[in-house]
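Below: coords13.cif (mmCIF, C-alpha atoms)
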data_entry
loop_
_atom_site.label_atom_id
_atom_site.label_comp_id
_atom_site.auth_asym_id
_atom_site.auth_seq_id
_atom_site.Cartn_x
_atom_site.Cartn_y
_atom_site.Cartn_z
CA MET A 313 93.95 109.35 98.26
CA GLN A 314 94.51 105.70 97.47
CA VAL A 315 98.03 104.41 96.77
CA LEU A 316 98.29 103.53 93.07
CA ASN A 317 100.43 101.16 91.05
CA PHE A 318 102.83 103.95 90.03
CA PRO A 319 106.00 105.34 91.58
CA SER A 320 105.62 108.16 94.12
CA PHE A 321 105.60 111.70 92.73
CA GLN A 322 105.82 115.16 94.23
CA PHE A 323 102.41 116.73 93.67
CA GLN A 324 101.27 120.24 94.59
CA PHE A 325 97.98 120.45 96.46
CA SER A 326 95.67 123.29 97.39
CA ALA A 327 92.07 123.78 98.49
CA GLU A 328 89.06 125.94 97.72
CA GLY A 329 86.87 125.71 100.78
CA GLN A 330 86.12 122.00 101.21
CA ARG A 331 87.27 121.15 97.69
CA LYS A 332 90.75 119.59 97.40
CA LEU A 333 92.83 120.55 94.37
CA ILE A 334 95.91 119.15 92.62
CA TYR A 335 98.20 121.04 90.26
CA ASP A 336 98.14 119.81 86.67
CA ILE A 337 101.54 120.42 85.03
CA ILE A 338 99.98 120.17 81.56
CA ARG A 339 97.02 122.53 82.01
CA LYS A 340 99.17 124.66 84.36
CA LYS A 341 96.41 125.11 86.93
CA TYR A 342 94.86 123.51 89.99
CA VAL A 343 92.02 121.11 89.24
CA SER A 344 89.58 119.20 91.47
CA LEU A 345 91.20 116.19 93.08
CA THR A 346 88.76 113.44 92.15
CA PRO A 347 89.74 109.76 92.16
CA GLU A 348 89.98 109.82 88.34
CA GLU A 349 92.11 112.98 88.42
CA TRP A 350 94.41 111.29 90.95
CA VAL A 351 95.00 108.53 88.38
CA ARG A 352 95.40 111.02 85.50
CA GLN A 353 98.04 113.02 87.38
CA HIS A 354 100.00 109.85 88.14
CA VAL A 355 99.94 108.88 84.47
CA ILE A 356 101.08 112.36 83.39
CA HIS A 357 104.00 112.32 85.83
CA TYR A 358 104.91 108.75 84.91
CA LEU A 359 104.97 109.57 81.19
CA ALA A 360 107.04 112.72 81.77
CA GLU A 361 109.42 111.60 84.50
CA HIS A 362 109.93 107.91 83.73
CA LEU A 363 109.29 107.56 80.01
CA SER A 364 110.70 110.93 78.82
CA TYR A 365 107.52 112.32 77.25
CA PRO A 366 107.89 116.10 76.81
CA THR A 367 105.07 117.78 78.72
CA GLY A 368 104.58 120.16 75.79
CA LEU A 369 103.54 117.18 73.67
CA LEU A 370 100.89 115.93 76.12
CA SER A 371 97.29 117.07 75.92
CA VAL A 372 94.71 116.67 78.69
CA GLU A 373 90.96 116.46 78.05
CA LYS A 374 91.36 117.01 74.32
CA MET A 375 88.04 117.53 72.55
CA LEU A 376 87.17 115.37 69.57
CA LYS A 377 84.06 114.84 67.49
CA LEU A 378 82.69 111.32 67.28
CA ASN A 379 79.51 110.71 65.30
CA GLY A 380 78.61 114.36 65.75
CA LEU A 381 79.09 114.22 69.53
CA SER A 382 81.78 116.06 71.48
CA LYS A 383 83.98 113.73 73.52
CA ARG A 384 87.11 114.30 75.60
CA THR A 385 90.16 112.09 75.77
CA ASP A 386 91.92 111.96 79.14
CA ILE A 387 95.48 112.21 77.77
CA VAL A 388 96.90 112.26 74.25
CA ALA A 389 100.63 112.06 73.55
CA TYR A 390 101.97 113.59 70.35
CA VAL A 391 105.33 113.47 68.62
CA THR A 392 107.12 116.58 67.37
CA SER A 393 105.47 116.33 63.92
CA GLY A 394 102.12 116.88 65.68
CA ALA A 395 100.87 113.35 65.05
CA PRO A 396 99.02 111.73 67.96
CA LYS A 397 100.63 108.42 69.00
CA LEU A 398 99.05 107.42 72.32
CA ILE A 399 95.59 107.82 73.85
CA VAL A 400 95.17 107.25 77.58
CA GLU A 401 91.85 106.54 79.24
CA CYS A 402 91.92 106.96 83.03
CA LYS A 403 89.31 105.59 85.38
CA ALA A 404 89.01 105.92 89.15
CA PRO A 405 90.62 103.09 91.13
CA GLY A 406 87.19 101.76 92.09
CA ILE A 407 86.12 101.39 88.45
CA GLN A 408 86.76 97.99 86.95
CA ILE A 409 88.48 97.91 83.56
CA ASN A 410 86.05 96.05 81.32
CA GLN A 411 84.96 95.74 77.69
CA GLN A 412 82.96 98.97 77.95
CA VAL A 413 86.12 100.92 78.82
CA PHE A 414 88.02 99.36 75.91
CA ASP A 415 85.11 100.14 73.59
CA GLN A 416 85.23 103.77 74.70
CA ILE A 417 88.92 104.24 73.89
CA ALA A 418 88.57 102.24 70.66
CA ARG A 419 85.83 104.66 69.53
CA TYR A 420 88.17 107.58 70.21
CA ASN A 421 90.78 105.88 68.07
CA ILE A 422 88.42 105.70 65.10
CA THR A 423 89.00 109.46 64.85
CA MET A 424 92.59 109.75 66.10
CA GLN A 425 94.22 106.64 64.55
CA VAL A 426 97.04 106.23 67.08
CA PRO A 427 99.30 103.17 67.35
CA PHE A 428 99.02 102.81 71.17
CA LEU A 429 96.14 102.80 73.65
CA LEU A 430 96.53 102.79 77.43
CA VAL A 431 93.65 102.09 79.81
CA THR A 432 94.27 102.38 83.55
CA ASN A 433 92.46 102.71 86.84
CA GLY A 434 95.76 103.36 88.59
CA LEU A 435 95.91 99.80 89.86
CA ASN A 436 95.70 97.87 86.59
CA HIS A 437 97.21 99.09 83.32
CA PHE A 438 96.44 97.69 79.88
CA VAL A 439 98.44 98.74 76.84
CA CYS A 440 97.42 97.85 73.29
CA LYS A 441 99.59 98.23 70.22
CA ILE A 442 97.32 98.89 67.26
CA ASP A 443 98.10 97.64 63.77
CA LEU A 444 96.03 100.19 61.86
CA ASN A 445 96.71 98.65 58.44
CA ASN A 446 95.57 95.15 59.38
CA LYS A 447 92.97 96.28 61.94
CA LYS A 448 94.48 94.14 64.71
CA TYR A 449 95.80 94.79 68.18
CA THR A 450 98.11 93.10 70.64
CA PHE A 451 98.50 93.71 74.34
CA THR A 452 101.99 94.72 75.42
CA GLU A 453 103.63 94.42 78.83
CA THR A 454 104.85 98.02 79.07
CA ILE A 455 103.86 101.55 78.19
CA PRO A 456 106.02 102.72 75.27
CA THR A 457 108.72 105.27 75.98
CA PHE A 458 108.66 108.53 74.06
CA GLN A 459 111.66 107.26 72.07
CA GLU A 460 109.63 104.21 71.01
CA LEU A 461 106.76 106.47 69.88
CA ILE A 462 108.96 108.59 67.63
CA THR A 463 110.40 105.55 65.88
CA LEU A 464 106.97 104.49 64.59
#
Any chance you could put this one into structure tokens?
Amino acid sequence: MQVLNFPSFQFQFSAEGQRKLIYDIIRKKYVSLTPEEWVRQHVIHYLAEHLSYPTGLLSVEKMLKLNGLSKRTDIVAYVTSGAPKLIVECKAPGIQINQQVFDQIARYNITMQVPFLLVTNGLNHFVCKIDLNNKKYTFTETIPTFQELITL
């Protein structure tokens, strides 16, 4: 798999016939190793190992209803009160981050109302801090630590 713009992590791999698998520490099972999953697993490990997010407060492929349609978020981070605070949208490294990707995660946030959005293809990361009251956003340089999330 392609080297991403994240630190190196120790992943567990397996195979089912020709299909390569990677162990997801959140779902606690092996999942297909697609380019998007490669990015998602890096984000999960980065949040947990570098930014102190408890794995028990991370959700992967969470279902939500949007205009009557079922959608799935890639990663949602919660705080101990159960409030969602960060939505992550992962794309494969070959997918360009564009307005369409931002529109997708913004639609998810209509329902979830989180203060931070992260969009990444593993090579480029974009973090937005959302001012829900004033309906504005600003790009930030870094992904918030778990400590920063709980102070909001």
message: Can you translate the PyMOL selection byres ((chain A and resi 380-386) around 12) into the concrete residues it hits in this file, as an MDAnalysis selection string?
response: chainID A and resid 338 348:349 351:353 355:356 370:379 387:389 396 398:403 416:421 423:424 429:432
Write a file of the just-selected residues containing C-alpha atoms, as an mmCIF file, keeping the file's coordinate frame.
data_model
loop_
_atom_site.group_PDB
_atom_site.id
_atom_site.type_symbol
_atom_site.label_atom_id
_atom_site.label_comp_id
_atom_site.auth_asym_id
_atom_site.auth_seq_id
_atom_site.Cartn_x
_atom_site.Cartn_y
_atom_site.Cartn_z
ATOM 1 C CA ILE A 338 99.980 120.170 81.560
ATOM 2 C CA GLU A 348 89.980 109.820 88.340
ATOM 3 C CA GLU A 349 92.110 112.980 88.420
ATOM 4 C CA VAL A 351 95.000 108.530 88.380
ATOM 5 C CA ARG A 352 95.400 111.020 85.500
ATOM 6 C CA GLN A 353 98.040 113.020 87.380
ATOM 7 C CA VAL A 355 99.940 108.880 84.470
ATOM 8 C CA ILE A 356 101.080 112.360 83.390
ATOM 9 C CA LEU A 370 100.890 115.930 76.120
ATOM 10 C CA SER A 371 97.290 117.070 75.920
ATOM 11 C CA VAL A 372 94.710 116.670 78.690
ATOM 12 C CA GLU A 373 90.960 116.460 78.050
ATOM 13 C CA LYS A 374 91.360 117.010 74.320
ATOM 14 C CA MET A 375 88.040 117.530 72.550
ATOM 15 C CA LEU A 376 87.170 115.370 69.570
ATOM 16 C CA LYS A 377 84.060 114.840 67.490
ATOM 17 C CA LEU A 378 82.690 111.320 67.280
ATOM 18 C CA ASN A 379 79.510 110.710 65.300
ATOM 19 C CA ILE A 387 95.480 112.210 77.770
ATOM 20 C CA VAL A 388 96.900 112.260 74.250
ATOM 21 C CA ALA A 389 100.630 112.060 73.550
ATOM 22 C CA PRO A 396 99.020 111.730 67.960
ATOM 23 C CA LEU A 398 99.050 107.420 72.320
ATOM 24 C CA ILE A 399 95.590 107.820 73.850
ATOM 25 C CA VAL A 400 95.170 107.250 77.580
ATOM 26 C CA GLU A 401 91.850 106.540 79.240
ATOM 27 C CA CYS A 402 91.920 106.960 83.030
ATOM 28 C CA LYS A 403 89.310 105.590 85.380
ATOM 29 C CA GLN A 416 85.230 103.770 74.700
ATOM 30 C CA ILE A 417 88.920 104.240 73.890
ATOM 31 C CA ALA A 418 88.570 102.240 70.660
ATOM 32 C CA ARG A 419 85.830 104.660 69.530
ATOM 33 C CA TYR A 420 88.170 107.580 70.210
ATOM 34 C CA ASN A 421 90.780 105.880 68.070
ATOM 35 C CA THR A 423 89.000 109.460 64.850
ATOM 36 C CA MET A 424 92.590 109.750 66.100
ATOM 37 C CA LEU A 429 96.140 102.800 73.650
ATOM 38 C CA LEU A 430 96.530 102.790 77.430
ATOM 39 C CA VAL A 431 93.650 102.090 79.810
ATOM 40 C CA THR A 432 94.270 102.380 83.550
#
- request: Select all residues near (84.7, 102.2, 90.4) (cut-off 12 Å, inclusive, file coordinates), counting only C-alpha atoms, and output them as a list in words.
  value: Pro347, Glu348, Cys402, Lys403, Ala404, Pro405, Gly406, Ile407, Gln408, Ile409, Asn410, Val413, Thr432, Asn433, Gly434 and Leu435 of chain A
task: In the coordinates of the file, take the point (95.8, 119.6, 90.7) and a cut-off of 10 Å; then, counting all atoms listed in the file, name each qualifying protein, DNA or RNA residue as a list in words.
output: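 Those within range, by chain then number, are Phe323, Gln324, Phe325, Ser326, Ala327, Lys332, Leu333, Ile334, Tyr335, Asp336, Ile337, Arg339, Lys340, Lys341, Tyr342, Val343, Ser344, Leu345, Thr346, Glu349, Trp350 and Gln353 of chain A.
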message: Measuring between only C-alpha atoms, which one of A:Asn445, A:Gln330, A:Thr457, A:Phe451 shows the shortest distance to Tyr358 (chain A)?
response: A:Thr457
- prompt: Pick the closest to Pro319 (chain A) from A:Lys397, A:Lys448, A:Lys441, A:His354: which is it, counting all atoms listed in the file?
  reply: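 Nearest to Pro319 (chain A): A:His354.
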message: Please report the interatomic distance between CA of Phe318 (chain A) and CA of Asp443 (chain A) in Å with one decimal.
response: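 Here the two named atoms are 27.4 Å from each other.
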- request: Quick one: pull the distance between CA of Gly368 (chain A) and CA of Thr450 (chain A), Å, one decimal.
  value: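 Separating CA of Gly368 (chain A) from CA of Thr450 (chain A) is a distance of 28.3 Å.
The spacing separating CA of Val315 (chain A) from CA of Arg331 (chain A) amounts to 19.9 Å.
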field: Target residues per the PyMOL selection byres ((chain A and resi 366) around 10), formatted as a list in words
entry: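 The output of the PyMOL selection byres ((chain A and resi 366) around 10) on this file is Leu359, Ala360, Glu361, Leu363, Ser364, Tyr365, Thr367, Gly368, Leu369, Leu370, Ala389, Tyr390, Val391, Thr392 and Phe458 of chain A.
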